[in-house]
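Raw model.tsv, TSV, C-alpha atoms:
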chain	number	residue	atom	x	y	z
A	1	MET	CA	0.00	0.00	0.00
A	2	LEU	CA	2.78	2.35	0.97
A	3	SER	CA	4.82	1.38	-2.08
A	4	GLU	CA	1.96	2.42	-4.40
A	5	PHE	CA	1.67	5.67	-2.55
A	6	ILE	CA	5.36	6.38	-3.04
A	7	ARG	CA	5.28	5.30	-6.67
A	8	GLY	CA	2.27	7.48	-7.41
A	9	PHE	CA	3.73	10.59	-5.90
A	10	GLY	CA	7.10	9.68	-7.37
A	11	VAL	CA	5.67	10.43	-10.80
A	12	THR	CA	4.57	13.86	-9.61
A	13	LEU	CA	7.92	14.54	-7.97
A	14	LYS	CA	9.78	13.46	-11.08
A	15	HIS	CA	7.84	15.94	-13.16
A	16	MET	CA	8.46	18.66	-10.63
A	17	VAL	CA	12.21	18.51	-11.10
A	18	ARG	CA	12.11	17.96	-14.86
A	19	LYS	CA	13.19	20.78	-17.12
A	20	PRO	CA	10.15	22.59	-18.56
A	21	VAL	CA	9.61	22.15	-22.28
A	22	THR	CA	8.34	25.68	-22.81
A	23	ILE	CA	10.35	27.90	-25.11
A	24	GLN	CA	10.35	31.43	-23.73
A	25	TYR	CA	9.47	32.87	-27.10
A	26	PRO	CA	10.07	36.61	-27.28
A	27	GLU	CA	13.37	36.18	-25.47
A	28	LYS	CA	14.46	32.86	-26.93
A	29	LYS	CA	13.55	31.39	-30.26
A	30	LYS	CA	13.63	27.82	-31.45
A	31	ASP	CA	16.18	27.12	-34.14
A	32	TYR	CA	14.50	26.63	-37.46
A	33	ALA	CA	15.65	24.22	-40.13
A	34	ALA	CA	18.42	25.50	-42.37
A	35	ARG	CA	16.07	25.57	-45.35
A	36	TYR	CA	13.19	27.13	-43.46
A	37	HIS	CA	10.79	29.06	-45.67
A	38	GLY	CA	10.87	32.47	-44.08
A	39	ARG	CA	10.64	35.93	-45.48
A	40	HIS	CA	12.19	36.57	-48.91
A	41	GLN	CA	15.40	38.34	-49.66
A	42	LEU	CA	16.66	39.82	-52.91
A	43	ASN	CA	20.33	38.99	-53.07
A	44	ARG	CA	23.31	40.89	-54.43
A	45	TYR	CA	26.65	39.88	-55.83
A	46	ALA	CA	29.62	40.58	-53.60
A	47	ASP	CA	30.28	43.83	-55.47
A	48	GLY	CA	26.84	45.28	-54.74
A	49	ILE	CA	25.20	44.53	-58.11
A	50	GLU	CA	21.72	43.08	-57.80
A	51	LYS	CA	21.13	39.51	-58.87
A	52	CYS	CA	17.55	40.08	-59.97
A	53	ILE	CA	17.25	40.47	-63.72
A	54	GLY	CA	13.56	41.35	-63.73
A	55	CYS	CA	12.46	38.26	-65.64
A	56	GLU	CA	9.21	37.88	-63.64
A	57	LEU	CA	9.53	34.10	-63.48
A	58	CYS	CA	8.92	34.28	-59.73
A	59	ALA	CA	5.70	36.17	-60.35
A	60	TRP	CA	4.59	33.59	-62.88
A	61	ALA	CA	5.43	30.72	-60.57
A	62	CYS	CA	3.60	32.20	-57.61
A	63	PRO	CA	0.38	30.27	-56.96
A	64	ALA	CA	-1.04	33.08	-54.84
A	65	ASP	CA	-0.15	35.95	-57.20
A	66	ALA	CA	1.74	37.60	-54.39
A	67	ILE	CA	4.71	38.88	-56.40
A	68	TYR	CA	4.75	41.93	-58.60
A	69	VAL	CA	7.79	42.69	-60.75
A	70	GLN	CA	8.34	45.57	-63.11
A	71	GLY	CA	11.43	45.23	-65.25
A	72	ALA	CA	13.48	48.00	-66.84
A	73	ASP	CA	16.55	48.17	-69.06
A	74	ASN	CA	20.03	48.56	-67.71
A	75	THR	CA	21.92	51.44	-69.30
A	76	PRO	CA	25.67	51.97	-69.56
A	77	ASP	CA	25.39	54.66	-66.90
A	78	ALA	CA	23.12	52.84	-64.54
A	79	ARG	CA	23.76	49.15	-64.24
A	80	PHE	CA	21.73	47.42	-61.58
A	81	SER	CA	22.22	43.81	-62.61
A	82	PRO	CA	24.21	41.75	-65.08
A	83	GLY	CA	22.46	41.29	-68.39
A	84	GLU	CA	19.93	43.50	-70.06
A	85	ARG	CA	17.26	44.08	-67.49
A	86	TYR	CA	16.72	44.61	-63.81
A	87	ALA	CA	13.71	44.95	-61.52
A	88	ILE	CA	12.83	48.60	-61.16
A	89	ASP	CA	9.98	47.65	-58.87
A	90	TYR	CA	9.63	44.49	-56.85
A	91	GLN	CA	6.86	43.86	-54.37
A	92	ILE	CA	5.80	40.84	-52.37
A	93	ASN	CA	2.42	40.90	-50.74
A	94	TYR	CA	2.74	39.03	-47.46
A	95	LEU	CA	-1.02	38.95	-47.15
A	96	ARG	CA	-1.01	36.55	-50.11
A	97	CYS	CA	2.34	34.81	-49.90
A	98	ILE	CA	2.07	31.26	-48.62
A	99	PHE	CA	5.83	30.71	-48.32
A	100	CYS	CA	5.75	27.71	-50.65
A	101	GLY	CA	9.11	28.53	-52.21
A	102	LEU	CA	8.05	28.04	-55.83
A	103	CYS	CA	9.45	31.50	-56.61
A	104	ILE	CA	12.81	30.39	-55.26
A	105	GLU	CA	12.76	27.36	-57.53
A	106	ALA	CA	11.80	29.52	-60.48
A	107	CYS	CA	14.52	32.12	-60.00
A	108	PRO	CA	17.23	31.54	-62.62
A	109	THR	CA	19.89	33.64	-60.89
A	110	ARG	CA	19.27	32.74	-57.24
A	111	ALA	CA	18.34	36.37	-56.74
A	112	LEU	CA	15.41	35.40	-54.59
A	113	THR	CA	16.00	33.27	-51.51
A	114	MET	CA	14.26	32.84	-48.21
A	115	THR	CA	15.52	33.83	-44.80
A	116	GLN	CA	14.96	32.46	-41.31
A	117	GLU	CA	13.02	35.52	-40.33
A	118	ASP	CA	9.29	34.86	-40.34
A	119	GLU	CA	7.53	37.49	-38.28
A	120	VAL	CA	5.39	39.36	-40.78
A	121	THR	CA	2.88	41.07	-38.58
A	122	SER	CA	1.30	44.46	-38.90
A	123	THR	CA	-1.67	46.53	-37.93
A	124	THR	CA	-2.26	47.77	-41.48
A	125	ARG	CA	-2.63	46.02	-44.80
A	126	GLU	CA	-0.38	48.45	-46.63
A	127	SER	CA	2.66	47.64	-44.56
A	128	MET	CA	2.27	43.95	-45.34
A	129	ILE	CA	3.28	44.66	-48.93
A	130	PHE	CA	7.06	44.60	-48.91
A	131	THR	CA	8.79	46.81	-51.43
A	132	LYS	CA	12.10	46.27	-53.18
A	133	GLU	CA	13.97	48.37	-50.63
A	134	MET	CA	12.67	46.19	-47.81
A	135	LEU	CA	13.48	42.95	-49.60
A	136	LEU	CA	16.94	43.81	-50.89
A	137	ALA	CA	19.87	42.37	-49.00
A	138	PRO	CA	21.85	45.07	-47.19
A	139	VAL	CA	25.14	46.04	-48.79
A	140	VAL	CA	28.33	45.08	-47.04
A	141	ALA	CA	30.23	48.02	-45.61
A	142	GLY	CA	32.51	49.60	-48.20
A	143	VAL	CA	30.53	48.28	-51.14
A	144	LYS	CA	28.66	50.62	-53.42
A	145	PRO	CA	24.98	49.72	-53.78
A	146	ALA	CA	23.40	48.82	-57.07
A	147	PRO	CA	23.52	51.42	-59.81
A	148	HIS	CA	27.09	51.09	-61.08
A	149	THR	CA	28.35	52.18	-64.46
A	150	ASP	CA	29.43	49.74	-67.13
A	151	ALA	CA	32.96	51.09	-66.79
A	152	GLU	CA	33.12	50.15	-63.13
A	153	VAL	CA	31.70	46.71	-63.73
A	154	THR	CA	33.96	45.83	-66.64
A	155	ALA	CA	36.98	47.23	-64.84
A	156	ARG	CA	36.42	44.67	-62.12
A	157	GLY	CA	36.41	41.94	-64.76
A	158	GLU	CA	34.12	39.85	-62.60
A	159	GLU	CA	32.06	37.09	-64.05
A	160	TYR	CA	28.36	36.85	-63.29
A	161	TYR	CA	26.71	33.49	-63.85
A	162	GLY	CA	29.49	32.51	-66.23
A	163	GLY	CA	29.58	35.72	-68.24
A	164	PHE	CA	30.55	39.33	-68.07
A	165	ALA	CA	28.02	42.03	-67.48
A	166	PHE	CA	27.71	43.89	-70.70
A	167	THR	CA	25.34	46.33	-72.27
A	168	THR	CA	23.65	45.24	-75.44
A	169	PRO	CA	24.99	46.66	-78.70
A	170	LEU	CA	21.80	48.60	-79.16
A	171	ALA	CA	22.00	50.35	-75.81
A	172	SER	CA	25.69	51.00	-76.40
A	173	ALA	CA	24.94	52.57	-79.75
A	174	GLN	CA	22.27	54.77	-78.24
A	175	ALA	CA	24.63	55.83	-75.51
A	176	ALA	CA	27.34	56.55	-78.07
A	177	GLU	CA	24.94	58.75	-80.01
A	178	GLY	CA	24.26	60.69	-76.87
A	179	GLN	CA	27.93	61.25	-76.13
A	180	ALA	CA	29.56	61.19	-79.58
A	181	GLY	CA	33.27	60.60	-79.72
A	182	VAL	CA	33.52	59.21	-76.23
A	183	SER	CA	35.18	55.85	-76.42
A	184	GLY	CA	35.38	53.33	-73.67
A	185	PRO	CA	32.83	51.16	-71.94
A	186	ALA	CA	30.00	52.08	-74.28
A	187	SER	CA	31.77	50.36	-77.14
A	188	LEU	CA	32.39	47.25	-75.14
A	189	GLY	CA	29.21	45.55	-76.15
A	190	THR	CA	30.20	45.46	-79.77
A	191	GLU	CA	33.12	43.23	-78.97
A	192	PRO	CA	32.29	39.58	-78.50
A	193	PRO	CA	33.04	38.26	-75.02
A	194	PRO	CA	35.91	35.81	-74.65
A	195	ALA	CA	35.10	32.47	-76.23
A	196	GLY	CA	33.66	29.90	-73.92
A	197	VAL	CA	32.51	32.31	-71.23
A	198	GLY	CA	29.00	33.47	-70.91
A	199	PRO	CA	26.11	33.92	-73.21
A	200	SER	CA	26.94	34.70	-76.78
A	201	LEU	CA	26.07	38.10	-78.08
A	202	PRO	CA	22.95	38.37	-80.16
A	203	THR	CA	23.55	37.94	-83.85
A	204	THR	CA	23.13	40.87	-86.18
A	205	ARG	CA	19.73	39.69	-87.26
A	206	GLU	CA	18.47	39.45	-83.69
A	207	THR	CA	19.89	42.84	-82.88
A	208	ASP	CA	18.11	44.35	-85.84
A	209	GLN	CA	14.86	42.85	-84.69
A	210	ALA	CA	15.42	44.20	-81.24
A	211	ALA	CA	16.15	47.60	-82.72
A	212	THR	CA	12.92	47.58	-84.68
A	213	ALA	CA	11.01	46.56	-81.62
A	214	LEU	CA	12.59	49.26	-79.51
A	215	ASN	CA	12.24	51.99	-82.10
A	216	ALA	CA	8.53	51.38	-82.16
A	217	GLU	CA	6.55	53.55	-79.81
A	218	PRO	CA	6.89	51.94	-76.38
A	219	ALA	CA	3.53	50.95	-75.03
A	220	PRO	CA	2.58	52.78	-71.85
A	221	PHE	CA	2.83	50.53	-68.85
A	222	ALA	CA	-0.44	48.72	-68.47
A	223	PRO	CA	-0.52	46.41	-65.51
A	224	GLU	CA	-2.27	43.16	-66.09
A	225	ALA	CA	-5.23	42.11	-64.02
A	226	ARG	CA	-3.10	40.05	-61.71
A	227	SER	CA	-0.78	42.92	-60.96
A	228	GLU	CA	-3.71	45.17	-60.23
A	229	ASP	CA	-4.94	42.65	-57.77
A	230	ILE	CA	-1.68	42.86	-55.90
A	231	VAL	CA	-0.95	46.52	-55.67
A	232	PRO	CA	-3.52	49.24	-55.93
A	233	GLU	CA	-6.70	47.44	-55.01
A	234	GLU	CA	-5.62	46.31	-51.60
A	235	ILE	CA	-4.22	49.68	-50.71
A	236	LYS	CA	-7.50	51.29	-51.68
A	237	HIS	CA	-9.34	48.64	-49.78
A	238	ASP	CA	-8.19	49.73	-46.35
A	239	GLU	CA	-9.24	53.31	-46.67
B	1	MET	CA	-15.54	82.86	-15.85
B	2	GLY	CA	-17.99	81.27	-18.21
B	3	GLU	CA	-17.12	83.51	-21.10
B	4	HIS	CA	-13.43	82.63	-20.78
B	5	SER	CA	-12.12	80.36	-23.45
B	6	SER	CA	-9.92	77.46	-22.34
B	7	ALA	CA	-6.88	79.23	-23.75
B	8	ALA	CA	-7.69	82.29	-21.70
B	9	ARG	CA	-8.05	80.10	-18.62
B	10	VAL	CA	-4.68	78.52	-19.18
B	11	GLU	CA	-3.20	81.96	-19.63
B	12	ALA	CA	-4.85	83.09	-16.41
B	13	ARG	CA	-3.38	80.11	-14.60
B	14	VAL	CA	0.07	80.73	-15.93
B	15	PHE	CA	0.01	84.33	-14.85
B	16	GLY	CA	-1.47	83.46	-11.46
B	17	GLU	CA	-4.56	85.59	-11.81
B	18	SER	CA	-7.17	83.04	-10.79
B	19	GLU	CA	-6.09	81.33	-7.61
B	20	LEU	CA	-9.68	80.68	-6.61
B	21	MET	CA	-10.41	78.50	-9.63
B	22	PRO	CA	-11.60	74.94	-8.81
B	23	ILE	CA	-8.72	72.52	-8.75
B	24	ASP	CA	-9.92	70.32	-11.62
B	25	GLU	CA	-10.16	73.38	-13.79
B	26	ASN	CA	-6.52	74.09	-13.06
B	27	MET	CA	-5.38	70.55	-13.82
B	28	PRO	CA	-3.83	69.91	-17.19
B	29	SER	CA	-6.57	68.08	-18.98
B	30	GLY	CA	-6.90	64.35	-18.51
B	31	VAL	CA	-4.11	63.61	-16.01
B	32	LEU	CA	-6.27	61.40	-13.85
B	33	LEU	CA	-8.00	59.59	-16.68
B	34	THR	CA	-4.71	58.95	-18.46
B	35	GLN	CA	-3.44	57.08	-15.42
B	36	VAL	CA	-6.69	55.14	-15.18
B	37	ALA	CA	-6.49	54.29	-18.88
B	38	LYS	CA	-2.93	53.09	-18.46
B	39	PHE	CA	-3.90	50.82	-15.61
B	40	VAL	CA	-7.02	49.50	-17.31
B	41	ASN	CA	-5.19	48.86	-20.55
B	42	TRP	CA	-2.41	47.10	-18.69
B	43	ALA	CA	-5.01	44.82	-17.15
B	44	ARG	CA	-6.75	44.30	-20.48
B	45	ALA	CA	-3.53	43.36	-22.23
B	46	GLY	CA	-2.60	41.01	-19.42
B	47	SER	CA	-5.73	38.89	-19.56
B	48	LEU	CA	-7.12	38.57	-23.04
B	49	TRP	CA	-9.66	35.82	-23.44
B	50	PRO	CA	-9.69	34.52	-26.98
B	51	ALA	CA	-12.76	32.99	-28.55
B	52	THR	CA	-12.25	29.71	-30.33
B	53	PHE	CA	-12.64	30.49	-33.96
B	54	GLY	CA	-10.52	27.95	-35.75
B	55	LEU	CA	-11.60	27.48	-39.34
B	56	ALA	CA	-8.77	25.62	-41.05
B	57	CYS	CA	-5.14	24.60	-40.72
B	58	CYS	CA	-4.29	27.83	-38.87
B	59	ALA	CA	-6.38	26.50	-36.01
B	60	ILE	CA	-3.94	23.64	-35.57
B	61	GLU	CA	-1.14	26.14	-35.08
B	62	MET	CA	-3.38	28.14	-32.75
B	63	MET	CA	-3.85	25.01	-30.64
B	64	ALA	CA	-0.11	24.38	-30.73
B	65	THR	CA	0.39	27.89	-29.41
B	66	GLY	CA	-1.71	27.00	-26.41
B	67	ALA	CA	0.23	23.77	-25.86
B	68	PRO	CA	3.10	23.53	-23.33
B	69	THR	CA	5.91	24.04	-25.84
B	70	HIS	CA	4.82	27.58	-26.56
B	71	ASP	CA	2.45	28.07	-23.65
B	72	LEU	CA	0.12	30.96	-24.31
B	73	ALA	CA	-0.62	30.99	-20.58
B	74	ARG	CA	2.56	33.02	-20.14
B	75	PHE	CA	0.60	35.93	-21.61
B	76	GLY	CA	-2.46	35.27	-19.48
B	77	MET	CA	-4.62	33.98	-22.30
B	78	GLU	CA	-4.54	30.21	-22.28
B	79	VAL	CA	-8.29	29.77	-21.94
B	80	PHE	CA	-9.98	29.71	-25.33
B	81	ARG	CA	-13.60	30.40	-24.51
B	82	ALA	CA	-16.26	28.47	-26.34
B	83	SER	CA	-18.78	31.23	-25.72
B	84	PRO	CA	-18.21	34.56	-27.45
B	85	ARG	CA	-19.84	36.34	-24.51
B	86	GLN	CA	-16.89	35.41	-22.35
B	87	ALA	CA	-14.28	36.38	-24.90
B	88	ASP	CA	-12.74	39.67	-25.93
B	89	LEU	CA	-10.32	38.54	-28.62
B	90	MET	CA	-11.23	36.78	-31.80
B	91	ILE	CA	-8.39	35.00	-33.56
B	92	VAL	CA	-9.79	34.32	-37.02
B	93	ALA	CA	-7.70	31.27	-37.83
B	94	GLY	CA	-8.27	30.09	-41.35
B	95	ARG	CA	-10.11	30.83	-44.53
B	96	VAL	CA	-13.56	32.34	-44.16
B	97	SER	CA	-16.02	31.14	-46.76
B	98	GLN	CA	-18.91	33.29	-47.88
B	99	LYS	CA	-21.20	30.96	-46.01
B	100	MET	CA	-19.22	31.37	-42.80
B	101	ALA	CA	-19.12	35.16	-43.05
B	102	PRO	CA	-22.46	35.91	-41.30
B	103	VAL	CA	-21.54	33.44	-38.56
B	104	LEU	CA	-18.26	35.22	-37.99
B	105	ARG	CA	-20.00	38.57	-37.82
B	106	GLN	CA	-22.57	37.25	-35.39
B	107	ILE	CA	-19.94	35.83	-33.09
B	108	TYR	CA	-18.08	39.14	-33.20
B	109	ASP	CA	-21.28	41.01	-32.36
B	110	GLN	CA	-21.91	38.72	-29.41
B	111	MET	CA	-18.50	39.35	-27.91
B	112	ALA	CA	-18.29	41.81	-25.04
B	113	GLU	CA	-16.72	45.23	-25.54
B	114	PRO	CA	-13.87	46.05	-25.66
B	115	LYS	CA	-12.94	43.44	-28.22
B	116	TRP	CA	-10.13	42.87	-30.66
B	117	VAL	CA	-9.55	40.79	-33.77
B	118	ILE	CA	-6.40	39.10	-34.99
B	119	SER	CA	-6.55	37.99	-38.58
B	120	MET	CA	-4.34	34.93	-38.49
B	121	GLY	CA	-2.79	33.70	-41.69
B	122	VAL	CA	-3.01	34.93	-45.23
B	123	CYS	CA	-6.41	33.39	-45.95
B	124	ALA	CA	-8.12	35.32	-43.18
B	125	SER	CA	-6.13	38.46	-43.93
B	126	ALA	CA	-6.61	38.71	-47.70
B	127	GLY	CA	-7.89	35.44	-49.04
B	128	GLY	CA	-4.38	34.11	-49.50
B	129	MET	CA	-4.00	31.75	-52.41
B	130	PHE	CA	-7.76	31.22	-52.53
B	131	ASN	CA	-8.60	34.05	-54.84
B	132	ASN	CA	-12.01	32.71	-55.77
B	133	TYR	CA	-15.73	33.24	-55.29
B	134	ALA	CA	-16.03	30.97	-52.29
B	135	ILE	CA	-13.61	32.71	-49.94
B	136	VAL	CA	-13.97	36.13	-48.34
B	137	GLN	CA	-10.98	38.17	-49.49
B	138	GLY	CA	-10.00	39.38	-46.05
B	139	VAL	CA	-12.04	39.38	-42.87
B	140	ASP	CA	-11.69	43.13	-42.59
B	141	GLN	CA	-14.65	43.20	-44.92
B	142	LEU	CA	-16.67	41.78	-42.03
B	143	VAL	CA	-15.06	42.89	-38.79
B	144	PRO	CA	-12.50	45.56	-37.82
B	145	VAL	CA	-9.13	43.82	-37.75
B	146	ASP	CA	-6.50	45.01	-35.28
B	147	VAL	CA	-3.53	42.88	-36.27
B	148	TYR	CA	-2.81	41.16	-39.56
B	149	LEU	CA	-0.57	38.13	-39.53
B	150	GLY	CA	1.01	36.55	-42.58
B	151	GLY	CA	2.13	32.98	-43.02
B	152	CYS	CA	0.44	29.85	-44.28
B	153	PRO	CA	-0.11	28.73	-41.63
B	154	PRO	CA	1.84	30.97	-39.29
B	155	ARG	CA	4.01	29.22	-36.74
B	156	PRO	CA	3.12	29.56	-33.05
B	157	GLU	CA	5.99	32.04	-32.80
B	158	GLN	CA	4.38	34.21	-35.44
B	159	LEU	CA	1.01	34.07	-33.68
B	160	MET	CA	2.69	35.04	-30.42
B	161	ASP	CA	4.41	37.88	-32.25
B	162	ALA	CA	1.01	39.10	-33.42
B	163	ILE	CA	-0.40	38.76	-29.92
B	164	LEU	CA	2.47	40.78	-28.49
B	165	LEU	CA	1.86	43.45	-31.11
B	166	LEU	CA	-1.80	43.48	-30.07
B	167	HIS	CA	-0.77	43.80	-26.42
B	168	ASP	CA	1.28	46.82	-27.39
B	169	LYS	CA	-1.65	48.28	-29.24
B	170	ILE	CA	-3.99	47.70	-26.30
B	171	ARG	CA	-1.59	49.29	-23.84
B	172	LYS	CA	-1.30	52.40	-25.97
B	173	GLY	CA	-5.00	52.45	-26.76
B	174	PRO	CA	-7.73	54.67	-25.38
B	175	LEU	CA	-9.78	53.91	-22.29
B	176	VAL	CA	-12.97	53.78	-24.28
B	177	LYS	CA	-13.12	52.86	-27.90
B	178	SER	CA	-14.65	55.71	-29.83
Can you turn what I pasted into structure tokens?
Amino acid sequence: MLSEFIRGFGVTLKHMVRKPVTIQYPEKKKDYAARYHGRHQLNRYADGIEKCIGCELCAWACPADAIYVQGADNTPDARFSPGERYAIDYQINYLRCIFCGLCIEACPTRALTMTQEDEVTSTTRESMIFTKEMLLAPVVAGVKPAPHTDAEVTARGEEYYGGFAFTTPLASAQAAEGQAGVSGPASLGTEPPPAGVGPSLPTTRETDQAATALNAEPAPFAPEARSEDIVPEEIKHDE
Amino acid sequence: MGEHSSAARVEARVFGESELMPIDENMPSGVLLTQVAKFVNWARAGSLWPATFGLACCAIEMMATGAPTHDLARFGMEVFRASPRQADLMIVAGRVSQKMAPVLRQIYDQMAEPKWVISMGVCASAGGMFNNYAIVQGVDQLVPVDVYLGGCPPRPEQLMDAILLLHDKIRKGPLVKS
């Protein structure tokens, strides 16, 4: 009889001295898995150039239509990313995003990755839409942030995804027209990159096509229905 | 005295012309009530009683938040009340279908004032990935939402983060909701 008594209370006593399982959240946080799907981050190369090339593949992959990308052309004077285009506007709506990571899989340059940070909480709907400035990775101290000139980039001679950053012949030609007689980085695009590295330059025929397309009157920016859903409507909605 | 504007009264006080004024007239406005509001809001934030309103997978995380590992009792709100009349916080956890919308509104109306709403997860906040005719695109179309919380579903940590933000909001809030 006494042994049962002791055994019964023994269980209670054992639990009294056991370490509590509770994680004291705001002070301490549980370690997440290394590949945890947290908030997004737009990455940069080590020299401060953005990795995002504005291809919108993330936006197309997104099952919740949470991503909005607006691309723009790099110019010899303002180079944000390697290649032709960069994202002039990039927004992720964290009231739609389900953190599935399909955008990460879709990203061809690993510009978009996910962090361990996951607290996306707010008292307003507007502040749940993260803009490009909020998503961009901070620059390392001593590194110039994104808009570099072609001259700076080529002087470094760094390779981005297996090729040099170069301005297309068309953009170079336009820049040369603007500043006639100035030689240097603007003419770089006309030279083929070293054999074996990087994407080959467009052929003459392709360039001509591109020229025709660009000489045509550029259509005013008309957001598609899905983009409208992301940006203006929800901002209006809260008012 | 009656024809004096409040500015004139303040001026009179500053220049010491009206020593015989009643004391409450001389007080800077709202000192007492501010302290009362601070105390009341401290008490309100310390003992929120959530109503059970789990609608989908977010509810599982909401239950996990109440479980020992995360222990919502640390914030004085472990008891999820089954009756809205005993609750003052509604955590809308999950997607709200059009058919559920009037139910949600009724439960909110039955809750005692002052009351707050956390919109937990993307479905409750904006419809999430369910951009279709069946799902309400954000519960703020039905009830006033105090805190929006992303995630699909949000982890218990995220829910606690939202709750702490709400605590902050309550502490800084007014004594009486206008």
Counting all atoms listed in the file, chain A residues within 9 Å of chain B, as a PyMOL selection string: chain A and resi 20-26+29-30+38+63-66+94-100+118-125+128+234+238
Atomic separation - CA of Lys38 in chain B relative to CA of Arg81 in chain B, Å: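 Rounded to one decimal, the two atoms are 25.8 Å apart.
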Distance query range 140-154 of chain A at most 7 Å, only C-alpha atoms, self and fewer than 3 positions along chain excluded, as a PyMOL selection string: chain A and resi 47-50+76-80+157+185
Write to file, as a PDB file, in the frame of the given file, the residues of the selection just made, with C-alpha atoms.
ATOM      1  CA  ASP A  47      30.280  43.830 -55.470  1.00  0.00           C
ATOM      2  CA  GLY A  48      26.840  45.280 -54.740  1.00  0.00           C
ATOM      3  CA  ILE A  49      25.200  44.530 -58.110  1.00  0.00           C
ATOM      4  CA  GLU A  50      21.720  43.080 -57.800  1.00  0.00           C
ATOM      5  CA  PRO A  76      25.670  51.970 -69.560  1.00  0.00           C
ATOM      6  CA  ASP A  77      25.390  54.660 -66.900  1.00  0.00           C
ATOM      7  CA  ALA A  78      23.120  52.840 -64.540  1.00  0.00           C
ATOM      8  CA  ARG A  79      23.760  49.150 -64.240  1.00  0.00           C
ATOM      9  CA  PHE A  80      21.730  47.420 -61.580  1.00  0.00           C
ATOM     10  CA  GLY A 157      36.410  41.940 -64.760  1.00  0.00           C
ATOM     11  CA  PRO A 185      32.830  51.160 -71.940  1.00  0.00           C
TER      12      PRO A 185
END
Of the listed residues B:Val96, B:Val103, B:Leu33, B:Met111, that which approaches Tyr133 in chain B most closely, counting only C-alpha atoms: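 That would be B:Val96, the residue with the smallest distance to Tyr133 in chain B.
Atom pair CA of Cys58 in chain A / CA of Glu84 in chain A has a distance of 17.7 Å (rounded to one decimal).
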Separation of CA of Ala106 in chain A from CA of Gly94 in chain B, in Å and rounded to one decimal: 27.7 Å
Incomplete range 83-93 of chain B filled out to N, CA, C and O atoms as an mmCIF file, in the frame of the given file:
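Final output, saved to out_28.cif:
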data_model
loop_
_atom_site.group_PDB
_atom_site.id
_atom_site.type_symbol
_atom_site.label_atom_id
_atom_site.label_comp_id
_atom_site.auth_asym_id
_atom_site.auth_seq_id
_atom_site.Cartn_x
_atom_site.Cartn_y
_atom_site.Cartn_z
ATOM 1 N N SER B 83 -17.675 30.284 -25.577
ATOM 2 C CA SER B 83 -18.780 31.230 -25.720
ATOM 3 C C SER B 83 -18.227 32.611 -26.045
ATOM 4 O O SER B 83 -17.358 33.116 -25.340
ATOM 5 N N PRO B 84 -18.727 33.232 -27.093
ATOM 6 C CA PRO B 84 -18.210 34.560 -27.450
ATOM 7 C C PRO B 84 -18.497 35.600 -26.370
ATOM 8 O O PRO B 84 -17.803 36.597 -26.282
ATOM 9 N N ARG B 85 -19.498 35.355 -25.534
ATOM 10 C CA ARG B 85 -19.840 36.340 -24.510
ATOM 11 C C ARG B 85 -18.786 36.409 -23.415
ATOM 12 O O ARG B 85 -18.763 37.345 -22.632
ATOM 13 N N GLN B 86 -17.947 35.389 -23.346
ATOM 14 C CA GLN B 86 -16.890 35.410 -22.350
ATOM 15 C C GLN B 86 -15.544 35.783 -22.957
ATOM 16 O O GLN B 86 -14.525 35.713 -22.291
ATOM 17 N N ALA B 87 -15.542 36.135 -24.218
ATOM 18 C CA ALA B 87 -14.280 36.380 -24.900
ATOM 19 C C ALA B 87 -14.169 37.843 -25.312
ATOM 20 O O ALA B 87 -15.172 38.527 -25.506
ATOM 21 N N ASP B 88 -12.933 38.318 -25.423
ATOM 22 C CA ASP B 88 -12.740 39.670 -25.930
ATOM 23 C C ASP B 88 -11.715 39.717 -27.053
ATOM 24 O O ASP B 88 -11.333 40.789 -27.492
ATOM 25 N N LEU B 89 -11.244 38.574 -27.476
ATOM 26 C CA LEU B 89 -10.320 38.540 -28.620
ATOM 27 C C LEU B 89 -10.765 37.437 -29.565
ATOM 28 O O LEU B 89 -10.994 36.303 -29.142
ATOM 29 N N MET B 90 -10.900 37.797 -30.818
ATOM 30 C CA MET B 90 -11.230 36.780 -31.800
ATOM 31 C C MET B 90 -10.012 36.563 -32.695
ATOM 32 O O MET B 90 -9.550 37.494 -33.347
ATOM 33 N N ILE B 91 -9.484 35.345 -32.653
ATOM 34 C CA ILE B 91 -8.390 35.000 -33.560
ATOM 35 C C ILE B 91 -9.028 34.258 -34.730
ATOM 36 O O ILE B 91 -9.402 33.093 -34.601
ATOM 37 N N VAL B 92 -9.189 34.957 -35.848
ATOM 38 C CA VAL B 92 -9.790 34.320 -37.020
ATOM 39 C C VAL B 92 -8.716 33.459 -37.663
ATOM 40 O O VAL B 92 -7.832 33.961 -38.353
ATOM 41 N N ALA B 93 -8.754 32.172 -37.392
ATOM 42 C CA ALA B 93 -7.700 31.270 -37.830
ATOM 43 C C ALA B 93 -8.191 30.428 -38.979
ATOM 44 O O ALA B 93 -8.824 29.404 -38.772
#
